[in-house]
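These notes concern the structure reproduced below.
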Amino acid sequence: MLVLATGSRAARLPLPGRDLDGIISLRTWNDANEVMTRIDDARQPARNAVVVGGGVLGLEAACALQSRGVSATVVHNAGWPMNRQLDSEAGELLATTLAARDIGFISDAQCECFVAGPDGQRVAALQMAGGESLPCDLVIMAVGIAPEVSLARESGLTVPRAIAVDGWLRSSVPGVFALGECCEIEGEQFGLVAPIYQQAQVLAAVLQRHAESGAKTSLA
C-alpha cells in the first residue's frame, strides 16, 4: 500500500505583472519573513498593501499588516469575506468589523493586472477590471492552494485538479491512497486542518483493517 500526502503550494493568480517585485504568495514561514523584511526595510518600507483573497489567511494577513502600521485593503471575488465559512449575514458583520479596524474590503472584485512603478520592477498598483486602480507597494496573494500532484499524474492516477479519492481515501489505483491538500473528494478540496485530521483518522482505520486482514490471511 502507498499513501500520497504530497501537500500543496500557494496558488497565484495568472495576471499580467504577477512576477513584479513586491508580490508575495503567503504560504510558508519564509513568505511571512519576506513580508516582515519589506515592512521593516529602512530604505523603502512597505506602507500600502493590497491583500488578494478574503479567506481566513487573507484576513489574518490584513490584520497583521494593519497592526504593523501598514495600510491594508482586501480584494475578494465573492460577496463577503470568508464566504466558504460564513453565510451572508455573518460575512457582512465581519466586513463591518474590518472597516472598524480601518481595513478596506472590496467585494466581488475582479483583478485585471499588476502595474509596475517608474523603475519597471516593483509593483505600484493593482488594476481592477472596473477601471479602479489600487496603489500599493506590497501585494499579498492569499488565493488558496494548488495541489502538488506531479507524482500522482506520472503514476497514472486520476487527477482532475487534485488526486481523486473516495470517502475511504482510495485513489483510482488499487492499494494507493491520498489525503490532505493533495486530494479531492467528489471534486472538493480541503485546505483547513480540521477536515484533514478527519481524513487521517479515516485512513488510519482503513489501513488498520487492511493490516489485520493481511495478518489473518497469512495465518490461514
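Please note that chains go A, B, ... in the order of the C-alpha cells, that every chain numbers its residues from 1, and that ligands are numbered from 1 in the order shown.
Near Pro16 in chain A, within 10 Å and counting only C-alpha atoms, sit Leu13, Pro14, Arg18, Asp19, Leu20, Glu112, Cys113, Phe114 and Val115 of chain A; same-chain residues fewer than 2 positions away were not included.
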Review point. Could you pull the residues within 10 Å of Gln110 in chain A, counting only C-alpha atoms, minus those fewer than 3 positions along the same chain, as a ChimeraX atom specification?
Key: /A:75-78,106-107,113,127-130
Practice item. Please provide as number ranges by chain all residues within 12 Å of Leu94 in chain A, with the sequence filter that same-chain residues fewer than 6 positions apart are discarded (counting only C-alpha atoms). Key: A: 54-56, 59, 79-83, 85-88, 100-101, 103-105
Could those residues be written to a file, using N, CA and C atoms, as an mmCIF file, in the first residue's frame?
data_model
loop_
_atom_site.group_PDB
_atom_site.id
_atom_site.type_symbol
_atom_site.label_atom_id
_atom_site.label_comp_id
_atom_site.auth_asym_id
_atom_site.auth_seq_id
_atom_site.Cartn_x
_atom_site.Cartn_y
_atom_site.Cartn_z
ATOM 1 N N GLY A 54 -10.020 37.063 0.394
ATOM 2 C CA GLY A 54 -10.672 37.382 1.659
ATOM 3 C C GLY A 54 -11.054 36.169 2.463
ATOM 4 N N GLY A 55 -10.253 35.104 2.374
ATOM 5 C CA GLY A 55 -10.452 33.944 3.219
ATOM 6 C C GLY A 55 -9.760 34.127 4.552
ATOM 7 N N VAL A 56 -9.624 33.035 5.293
ATOM 8 C CA VAL A 56 -9.027 33.105 6.628
ATOM 9 C C VAL A 56 -7.614 33.683 6.573
ATOM 10 N N LEU A 59 -7.437 37.491 5.559
ATOM 11 C CA LEU A 59 -7.877 38.413 6.608
ATOM 12 C C LEU A 59 -6.863 38.467 7.749
ATOM 13 N N GLY A 79 -19.030 37.884 -2.496
ATOM 14 C CA GLY A 79 -19.812 38.994 -1.977
ATOM 15 C C GLY A 79 -19.507 39.383 -0.552
ATOM 16 N N TRP A 80 -18.839 38.528 0.203
ATOM 17 C CA TRP A 80 -18.491 38.840 1.584
ATOM 18 C C TRP A 80 -17.244 38.056 1.982
ATOM 19 N N PRO A 81 -16.552 38.482 3.034
ATOM 20 C CA PRO A 81 -15.331 37.784 3.447
ATOM 21 C C PRO A 81 -15.650 36.405 4.015
ATOM 22 N N MET A 82 -14.688 35.500 3.874
ATOM 23 C CA MET A 82 -14.807 34.130 4.383
ATOM 24 C C MET A 82 -16.115 33.483 3.931
ATOM 25 N N ASN A 83 -16.430 33.635 2.644
ATOM 26 C CA ASN A 83 -17.717 33.144 2.137
ATOM 27 C C ASN A 83 -17.833 31.626 2.177
ATOM 28 N N GLN A 85 -16.906 29.862 4.753
ATOM 29 C CA GLN A 85 -17.187 29.507 6.144
ATOM 30 C C GLN A 85 -18.416 30.215 6.706
ATOM 31 N N LEU A 86 -18.774 31.368 6.164
ATOM 32 C CA LEU A 86 -19.834 32.186 6.735
ATOM 33 C C LEU A 86 -20.963 32.417 5.737
ATOM 34 N N ASP A 87 -22.187 32.588 6.263
ATOM 35 C CA ASP A 87 -23.288 32.997 5.391
ATOM 36 C C ASP A 87 -23.204 34.511 5.188
ATOM 37 N N SER A 88 -24.110 35.045 4.374
ATOM 38 C CA SER A 88 -24.008 36.455 4.000
ATOM 39 C C SER A 88 -24.163 37.384 5.196
ATOM 40 N N ALA A 100 -14.150 48.836 10.849
ATOM 41 C CA ALA A 100 -13.882 49.485 12.138
ATOM 42 C C ALA A 100 -12.404 49.468 12.480
ATOM 43 N N ARG A 101 -11.670 48.516 11.894
ATOM 44 C CA ARG A 101 -10.223 48.439 12.125
ATOM 45 C C ARG A 101 -9.439 49.161 11.029
ATOM 46 N N ILE A 103 -9.490 48.593 7.878
ATOM 47 C CA ILE A 103 -9.055 47.668 6.823
ATOM 48 C C ILE A 103 -10.088 47.726 5.705
ATOM 49 N N GLY A 104 -9.657 48.119 4.528
ATOM 50 C CA GLY A 104 -10.571 48.194 3.407
ATOM 51 C C GLY A 104 -10.974 46.818 2.911
ATOM 52 N N PHE A 105 -12.181 46.714 2.377
ATOM 53 C CA PHE A 105 -12.641 45.438 1.823
ATOM 54 C C PHE A 105 -13.448 45.715 0.570
#
Check your understanding: Can you list, as number ranges by chain, every protein, DNA or RNA residue that comes within 12 Å of Gly180 in chain A when you count only C-alpha atoms, leaving out same-chain residues fewer than 3 positions away?
Key -> A: 3-8, 145, 147-149, 162-165, 169, 177, 183-185, 188-203
Residue selection dump (N, CA, C and O atoms) as a tab-separated table (two decimals), in the first residue's frame:
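Writing done, so here's part_19.tsv:
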chain	number	residue	atom	x	y	z
A	3	VAL	N	0.59	5.61	0.45
A	3	VAL	CA	-0.19	6.79	0.81
A	3	VAL	C	0.53	8.03	0.27
A	3	VAL	O	1.70	8.26	0.60
A	4	LEU	N	-0.17	8.80	-0.54
A	4	LEU	CA	0.37	10.06	-1.05
A	4	LEU	C	-0.13	11.20	-0.17
A	4	LEU	O	-1.34	11.39	-0.01
A	5	ALA	N	0.79	11.94	0.39
A	5	ALA	CA	0.47	13.11	1.21
A	5	ALA	C	1.42	14.23	0.80
A	5	ALA	O	2.20	14.75	1.60
A	6	THR	N	1.37	14.57	-0.48
A	6	THR	CA	2.35	15.48	-1.08
A	6	THR	C	2.00	16.95	-0.87
A	6	THR	O	2.76	17.83	-1.28
A	7	GLY	N	0.85	17.22	-0.28
A	7	GLY	CA	0.53	18.59	0.09
A	7	GLY	C	0.21	19.50	-1.09
A	7	GLY	O	-0.33	19.07	-2.11
A	8	SER	N	0.57	20.76	-0.94
A	8	SER	CA	0.22	21.76	-1.94
A	8	SER	C	1.22	22.90	-1.90
A	8	SER	O	2.09	22.96	-1.03
A	145	ILE	N	-4.83	27.24	-2.60
A	145	ILE	CA	-3.71	26.31	-2.80
A	145	ILE	C	-3.77	25.66	-4.17
A	145	ILE	O	-4.83	25.56	-4.79
A	147	PRO	N	-2.72	21.98	-5.49
A	147	PRO	CA	-2.25	20.69	-5.00
A	147	PRO	C	-1.01	20.21	-5.74
A	147	PRO	O	-0.88	20.41	-6.95
A	148	GLU	N	-0.11	19.58	-5.03
A	148	GLU	CA	1.11	19.02	-5.62
A	148	GLU	C	0.79	17.60	-6.10
A	148	GLU	O	0.71	16.67	-5.30
A	149	VAL	N	0.60	17.46	-7.39
A	149	VAL	CA	0.10	16.18	-7.94
A	149	VAL	C	0.98	15.63	-9.06
A	149	VAL	O	0.56	14.72	-9.77
A	162	ALA	N	-6.96	17.83	-8.18
A	162	ALA	CA	-6.20	17.15	-7.14
A	162	ALA	C	-6.40	15.64	-7.35
A	162	ALA	O	-7.11	15.22	-8.26
A	163	ILE	N	-5.77	14.84	-6.50
A	163	ILE	CA	-5.89	13.38	-6.63
A	163	ILE	C	-7.30	12.96	-6.22
A	163	ILE	O	-7.73	13.22	-5.09
A	164	ALA	N	-8.02	12.34	-7.13
A	164	ALA	CA	-9.39	11.94	-6.85
A	164	ALA	C	-9.39	10.72	-5.93
A	164	ALA	O	-8.78	9.69	-6.25
A	165	VAL	N	-10.08	10.83	-4.79
A	165	VAL	CA	-10.22	9.72	-3.86
A	165	VAL	C	-11.68	9.61	-3.44
A	165	VAL	O	-12.46	10.56	-3.58
A	169	LEU	N	-10.59	7.40	1.13
A	169	LEU	CA	-9.30	7.94	0.70
A	169	LEU	C	-8.59	7.05	-0.32
A	169	LEU	O	-7.37	7.15	-0.50
A	177	PHE	N	-3.50	5.31	-1.76
A	177	PHE	CA	-4.39	6.24	-1.06
A	177	PHE	C	-3.78	7.65	-1.12
A	177	PHE	O	-2.60	7.81	-1.41
A	183	CYS	N	-5.42	15.98	-2.28
A	183	CYS	CA	-6.52	15.14	-2.77
A	183	CYS	C	-7.82	15.91	-2.85
A	183	CYS	O	-7.96	17.01	-2.30
A	184	GLU	N	-8.79	15.33	-3.54
A	184	GLU	CA	-10.14	15.87	-3.59
A	184	GLU	C	-11.14	14.73	-3.46
A	184	GLU	O	-10.90	13.62	-3.93
A	185	ILE	N	-12.25	15.02	-2.79
A	185	ILE	CA	-13.32	14.05	-2.61
A	185	ILE	C	-14.57	14.62	-3.25
A	185	ILE	O	-15.06	15.69	-2.87
A	188	GLU	N	-14.24	18.19	-4.24
A	188	GLU	CA	-13.97	19.21	-3.23
A	188	GLU	C	-12.59	19.02	-2.62
A	188	GLU	O	-12.22	17.91	-2.23
A	189	GLN	N	-11.84	20.12	-2.53
A	189	GLN	CA	-10.53	20.09	-1.90
A	189	GLN	C	-10.63	20.65	-0.49
A	189	GLN	O	-11.60	21.32	-0.14
A	190	PHE	N	-9.60	20.36	0.30
A	190	PHE	CA	-9.63	20.75	1.70
A	190	PHE	C	-8.32	21.44	2.06
A	190	PHE	O	-7.25	20.86	1.91
A	191	GLY	N	-8.45	22.69	2.56
A	191	GLY	CA	-7.27	23.44	2.92
A	191	GLY	C	-7.21	23.81	4.39
A	191	GLY	O	-6.32	24.54	4.81
A	192	LEU	N	-8.16	23.30	5.17
A	192	LEU	CA	-8.17	23.57	6.61
A	192	LEU	C	-7.78	22.31	7.37
A	192	LEU	O	-8.01	21.19	6.91
A	193	VAL	N	-7.23	22.50	8.55
A	193	VAL	CA	-6.65	21.37	9.26
A	193	VAL	C	-7.70	20.41	9.80
A	193	VAL	O	-7.47	19.19	9.83
A	194	ALA	N	-8.87	20.90	10.22
A	194	ALA	CA	-9.87	20.03	10.85
A	194	ALA	C	-10.32	18.88	9.93
A	194	ALA	O	-10.29	17.71	10.34
A	195	PRO	N	-10.74	19.15	8.69
A	195	PRO	CA	-11.15	18.04	7.83
A	195	PRO	C	-9.99	17.11	7.46
A	195	PRO	O	-10.20	15.91	7.23
A	196	ILE	N	-8.79	17.64	7.43
A	196	ILE	CA	-7.63	16.78	7.11
A	196	ILE	C	-7.32	15.86	8.28
A	196	ILE	O	-6.92	14.70	8.09
A	197	TYR	N	-7.50	16.34	9.49
A	197	TYR	CA	-7.38	15.45	10.65
A	197	TYR	C	-8.40	14.32	10.56
A	197	TYR	O	-8.11	13.16	10.89
A	198	GLN	N	-9.62	14.65	10.12
A	198	GLN	CA	-10.65	13.62	9.96
A	198	GLN	C	-10.24	12.61	8.89
A	198	GLN	O	-10.45	11.40	9.05
A	199	GLN	N	-9.66	13.10	7.80
A	199	GLN	CA	-9.17	12.19	6.76
A	199	GLN	C	-8.13	11.24	7.33
A	199	GLN	O	-8.14	10.04	7.04
A	200	ALA	N	-7.23	11.77	8.15
A	200	ALA	CA	-6.18	10.93	8.73
A	200	ALA	C	-6.77	9.84	9.62
A	200	ALA	O	-6.30	8.70	9.61
A	201	GLN	N	-7.81	10.18	10.36
A	201	GLN	CA	-8.46	9.19	11.22
A	201	GLN	C	-9.11	8.09	10.38
A	201	GLN	O	-9.01	6.90	10.70
A	202	VAL	N	-9.79	8.51	9.31
A	202	VAL	CA	-10.42	7.53	8.43
A	202	VAL	C	-9.38	6.62	7.79
A	202	VAL	O	-9.53	5.39	7.77
A	203	LEU	N	-8.31	7.21	7.27
A	203	LEU	CA	-7.30	6.42	6.60
A	203	LEU	C	-6.59	5.48	7.57
A	203	LEU	O	-6.27	4.34	7.22
**Study point:** All strand (DSSP E) positions in range 6-184 of chain A, as a ChimeraX atom specification
**Key:** /A:8-10,23-25,48-52,71-75,104-106,111-116,123-128,133-135,138-141,145-147,163-165,176-178,183-184
Exercise for review: To one decimal in Å, tell me the separation between CA of Gly144 in chain A and CA of Leu57 in chain A.
Suggested key: 8.7 Å
**Study point:** Shell around Glu34 in chain A at 12 Å using only C-alpha atoms, local window under 5 positions removed, as a PyMOL selection string
**Key:** chain A and resi 21-29+39-41+46+138-140
Can you spit out the residues from that selection as a short mmCIF file (atom, residue, chain, number, x, y, z; two decimals), in the first residue's frame, using all heavy atoms?
data_model
loop_
_atom_site.label_atom_id
_atom_site.label_comp_id
_atom_site.auth_asym_id
_atom_site.auth_seq_id
_atom_site.Cartn_x
_atom_site.Cartn_y
_atom_site.Cartn_z
N ASP A 21 8.36 42.62 -8.47
CA ASP A 21 8.89 42.64 -7.11
C ASP A 21 7.84 43.24 -6.17
O ASP A 21 7.19 44.24 -6.50
CB ASP A 21 10.17 43.48 -7.08
CG ASP A 21 10.83 43.44 -5.71
OD1 ASP A 21 10.83 42.37 -5.08
OD2 ASP A 21 11.31 44.50 -5.28
N GLY A 22 7.68 42.63 -5.00
CA GLY A 22 6.72 43.13 -4.03
C GLY A 22 5.42 42.35 -4.00
O GLY A 22 4.54 42.66 -3.20
N ILE A 23 5.29 41.31 -4.85
CA ILE A 23 4.11 40.46 -4.85
C ILE A 23 4.50 39.12 -4.23
O ILE A 23 5.36 38.41 -4.75
CB ILE A 23 3.56 40.25 -6.28
CG1 ILE A 23 3.20 41.60 -6.90
CG2 ILE A 23 2.35 39.33 -6.26
CD1 ILE A 23 2.73 41.50 -8.35
N ILE A 24 3.87 38.80 -3.12
CA ILE A 24 4.26 37.62 -2.33
C ILE A 24 3.06 36.70 -2.16
O ILE A 24 1.98 37.14 -1.74
CB ILE A 24 4.79 38.05 -0.95
CG1 ILE A 24 6.00 38.97 -1.11
CG2 ILE A 24 5.15 36.82 -0.10
CD1 ILE A 24 6.44 39.61 0.18
N SER A 25 3.24 35.43 -2.47
CA SER A 25 2.22 34.43 -2.18
C SER A 25 2.45 33.93 -0.76
O SER A 25 3.48 33.31 -0.49
CB SER A 25 2.32 33.26 -3.17
OG SER A 25 2.01 33.69 -4.47
N LEU A 26 1.53 34.23 0.12
CA LEU A 26 1.71 33.91 1.53
C LEU A 26 1.33 32.47 1.81
O LEU A 26 0.17 32.08 1.68
CB LEU A 26 0.88 34.86 2.38
CG LEU A 26 1.08 34.78 3.89
CD1 LEU A 26 2.53 35.04 4.25
CD2 LEU A 26 0.17 35.78 4.59
N ARG A 27 2.34 31.68 2.21
CA ARG A 27 2.08 30.26 2.47
C ARG A 27 3.00 29.69 3.55
O ARG A 27 2.56 28.99 4.44
CB ARG A 27 2.27 29.48 1.16
CG ARG A 27 2.10 27.98 1.26
CD ARG A 27 0.68 27.60 1.54
NE ARG A 27 0.47 26.18 1.51
CZ ARG A 27 -0.62 25.59 1.97
NH1 ARG A 27 -1.61 26.32 2.48
NH2 ARG A 27 -0.75 24.29 1.93
N THR A 28 4.27 30.02 3.46
CA THR A 28 5.26 29.41 4.33
C THR A 28 5.84 30.42 5.32
O THR A 28 5.60 31.64 5.24
CB THR A 28 6.42 28.83 3.51
OG1 THR A 28 7.15 29.92 2.89
CG2 THR A 28 5.90 27.89 2.42
N TRP A 29 6.64 29.90 6.25
CA TRP A 29 7.34 30.76 7.21
C TRP A 29 8.27 31.72 6.48
O TRP A 29 8.39 32.89 6.86
CB TRP A 29 8.11 29.88 8.19
CG TRP A 29 8.82 30.63 9.27
CD1 TRP A 29 10.15 30.89 9.35
CD2 TRP A 29 8.23 31.22 10.43
NE1 TRP A 29 10.44 31.60 10.50
CE2 TRP A 29 9.28 31.81 11.19
CE3 TRP A 29 6.92 31.29 10.93
CZ2 TRP A 29 9.05 32.47 12.39
CZ3 TRP A 29 6.70 31.96 12.12
CH2 TRP A 29 7.76 32.53 12.83
N ILE A 39 8.39 45.24 5.27
CA ILE A 39 7.80 46.24 6.15
C ILE A 39 8.89 46.99 6.91
O ILE A 39 8.80 48.20 7.13
CB ILE A 39 6.82 45.57 7.13
CG1 ILE A 39 5.61 45.03 6.37
CG2 ILE A 39 6.37 46.55 8.20
CD1 ILE A 39 4.67 44.21 7.24
N ASP A 40 9.93 46.26 7.32
CA ASP A 40 10.98 46.84 8.15
C ASP A 40 12.16 47.40 7.34
O ASP A 40 13.16 47.83 7.93
CB ASP A 40 11.50 45.79 9.13
CG ASP A 40 10.44 45.34 10.12
OD1 ASP A 40 9.52 46.14 10.39
OD2 ASP A 40 10.51 44.19 10.59
N ASP A 41 12.05 47.40 6.02
CA ASP A 41 13.13 47.89 5.18
C ASP A 41 13.38 49.38 5.47
O ASP A 41 12.49 50.22 5.30
CB ASP A 41 12.74 47.71 3.70
CG ASP A 41 13.89 48.02 2.75
OD1 ASP A 41 14.83 48.74 3.14
OD2 ASP A 41 13.84 47.54 1.60
N ALA A 46 7.51 49.04 3.11
CA ALA A 46 6.16 48.90 2.56
C ALA A 46 5.18 49.56 3.53
O ALA A 46 5.21 49.32 4.73
CB ALA A 46 5.81 47.43 2.38
N LEU A 138 3.09 46.73 -1.80
CA LEU A 138 3.17 45.34 -1.36
C LEU A 138 1.85 44.66 -1.69
O LEU A 138 0.78 45.22 -1.45
CB LEU A 138 3.44 45.28 0.15
CG LEU A 138 3.49 43.89 0.78
CD1 LEU A 138 4.67 43.08 0.25
CD2 LEU A 138 3.58 44.02 2.31
N VAL A 139 1.95 43.47 -2.26
CA VAL A 139 0.76 42.67 -2.56
C VAL A 139 0.93 41.31 -1.91
O VAL A 139 1.96 40.65 -2.07
CB VAL A 139 0.55 42.49 -4.07
CG1 VAL A 139 -0.62 41.52 -4.34
CG2 VAL A 139 0.28 43.83 -4.74
N ILE A 140 -0.08 40.90 -1.15
CA ILE A 140 -0.11 39.57 -0.57
C ILE A 140 -1.16 38.76 -1.31
O ILE A 140 -2.34 39.13 -1.34
CB ILE A 140 -0.48 39.61 0.93
CG1 ILE A 140 0.45 40.53 1.70
CG2 ILE A 140 -0.48 38.20 1.50
CD1 ILE A 140 1.88 40.08 1.73
#
Practice item. Give the helix (DSSP H, G or I) residues of range 33-188 of chain A, as assigned by DSSP on the backbone, as JSON, numbers by chain. Key: {"A": [33, 34, 35, 36, 37, 38, 39, 56, 57, 58, 59, 60, 61, 62, 63, 64, 65, 66, 67, 88, 89, 90, 91, 92, 93, 94, 95, 96, 97, 98, 99, 100, 150, 151, 152, 153, 154, 180, 181, 182]}
**Study point:** Neighbour list for Ala49 in chain A as a PyMOL selection string, cut-off 9 Å, only C-alpha atoms, skip fewer than 5 positions in-chain
**Key:** chain A and resi 62+65+70-74+135-140
Can I get the selected residues back with N, CA, C and O atoms, as a PDB file, in the first residue's frame?
ATOM      1  N   ALA A  62      -4.133  40.711   6.547  1.00  0.00           N
ATOM      2  CA  ALA A  62      -4.526  42.124   6.557  1.00  0.00           C
ATOM      3  C   ALA A  62      -4.501  42.694   7.971  1.00  0.00           C
ATOM      4  O   ALA A  62      -4.017  43.808   8.197  1.00  0.00           O
ATOM      5  N   LEU A  65      -0.866  43.133   9.023  1.00  0.00           N
ATOM      6  CA  LEU A  65      -0.277  44.304   8.365  1.00  0.00           C
ATOM      7  C   LEU A  65      -0.737  45.591   9.031  1.00  0.00           C
ATOM      8  O   LEU A  65       0.064  46.487   9.317  1.00  0.00           O
ATOM      9  N   VAL A  70       0.813  49.257   8.489  1.00  0.00           N
ATOM     10  CA  VAL A  70       0.690  49.211   7.028  1.00  0.00           C
ATOM     11  C   VAL A  70      -0.784  49.311   6.654  1.00  0.00           C
ATOM     12  O   VAL A  70      -1.618  48.543   7.154  1.00  0.00           O
ATOM     13  N   SER A  71      -1.124  50.242   5.794  1.00  0.00           N
ATOM     14  CA  SER A  71      -2.490  50.362   5.301  1.00  0.00           C
ATOM     15  C   SER A  71      -2.816  49.139   4.449  1.00  0.00           C
ATOM     16  O   SER A  71      -2.047  48.771   3.556  1.00  0.00           O
ATOM     17  N   ALA A  72      -3.961  48.493   4.724  1.00  0.00           N
ATOM     18  CA  ALA A  72      -4.296  47.248   4.036  1.00  0.00           C
ATOM     19  C   ALA A  72      -5.700  47.303   3.447  1.00  0.00           C
ATOM     20  O   ALA A  72      -6.649  47.720   4.113  1.00  0.00           O
ATOM     21  N   THR A  73      -5.800  46.864   2.209  1.00  0.00           N
ATOM     22  CA  THR A  73      -7.089  46.710   1.539  1.00  0.00           C
ATOM     23  C   THR A  73      -7.196  45.286   1.031  1.00  0.00           C
ATOM     24  O   THR A  73      -6.291  44.790   0.357  1.00  0.00           O
ATOM     25  N   VAL A  74      -8.303  44.630   1.360  1.00  0.00           N
ATOM     26  CA  VAL A  74      -8.540  43.257   0.918  1.00  0.00           C
ATOM     27  C   VAL A  74      -9.467  43.279  -0.284  1.00  0.00           C
ATOM     28  O   VAL A  74     -10.528  43.929  -0.259  1.00  0.00           O
ATOM     29  N   PRO A 135      -3.403  51.794  -5.481  1.00  0.00           N
ATOM     30  CA  PRO A 135      -1.963  51.982  -5.283  1.00  0.00           C
ATOM     31  C   PRO A 135      -1.458  51.063  -4.177  1.00  0.00           C
ATOM     32  O   PRO A 135      -2.127  50.862  -3.162  1.00  0.00           O
ATOM     33  N   CYS A 136      -0.277  50.507  -4.357  1.00  0.00           N
ATOM     34  CA  CYS A 136       0.296  49.628  -3.339  1.00  0.00           C
ATOM     35  C   CYS A 136       1.791  49.456  -3.598  1.00  0.00           C
ATOM     36  O   CYS A 136       2.258  49.578  -4.729  1.00  0.00           O
ATOM     37  N   ASP A 137       2.519  49.201  -2.518  1.00  0.00           N
ATOM     38  CA  ASP A 137       3.925  48.840  -2.664  1.00  0.00           C
ATOM     39  C   ASP A 137       4.175  47.424  -2.155  1.00  0.00           C
ATOM     40  O   ASP A 137       5.308  46.968  -2.080  1.00  0.00           O
ATOM     41  N   LEU A 138       3.089  46.733  -1.801  1.00  0.00           N
ATOM     42  CA  LEU A 138       3.172  45.342  -1.361  1.00  0.00           C
ATOM     43  C   LEU A 138       1.853  44.657  -1.690  1.00  0.00           C
ATOM     44  O   LEU A 138       0.785  45.215  -1.447  1.00  0.00           O
ATOM     45  N   VAL A 139       1.955  43.473  -2.261  1.00  0.00           N
ATOM     46  CA  VAL A 139       0.760  42.670  -2.555  1.00  0.00           C
ATOM     47  C   VAL A 139       0.934  41.309  -1.905  1.00  0.00           C
ATOM     48  O   VAL A 139       1.962  40.653  -2.068  1.00  0.00           O
ATOM     49  N   ILE A 140      -0.083  40.900  -1.153  1.00  0.00           N
ATOM     50  CA  ILE A 140      -0.112  39.573  -0.566  1.00  0.00           C
ATOM     51  C   ILE A 140      -1.157  38.757  -1.313  1.00  0.00           C
ATOM     52  O   ILE A 140      -2.335  39.125  -1.338  1.00  0.00           O
TER      53      ILE A 140
END
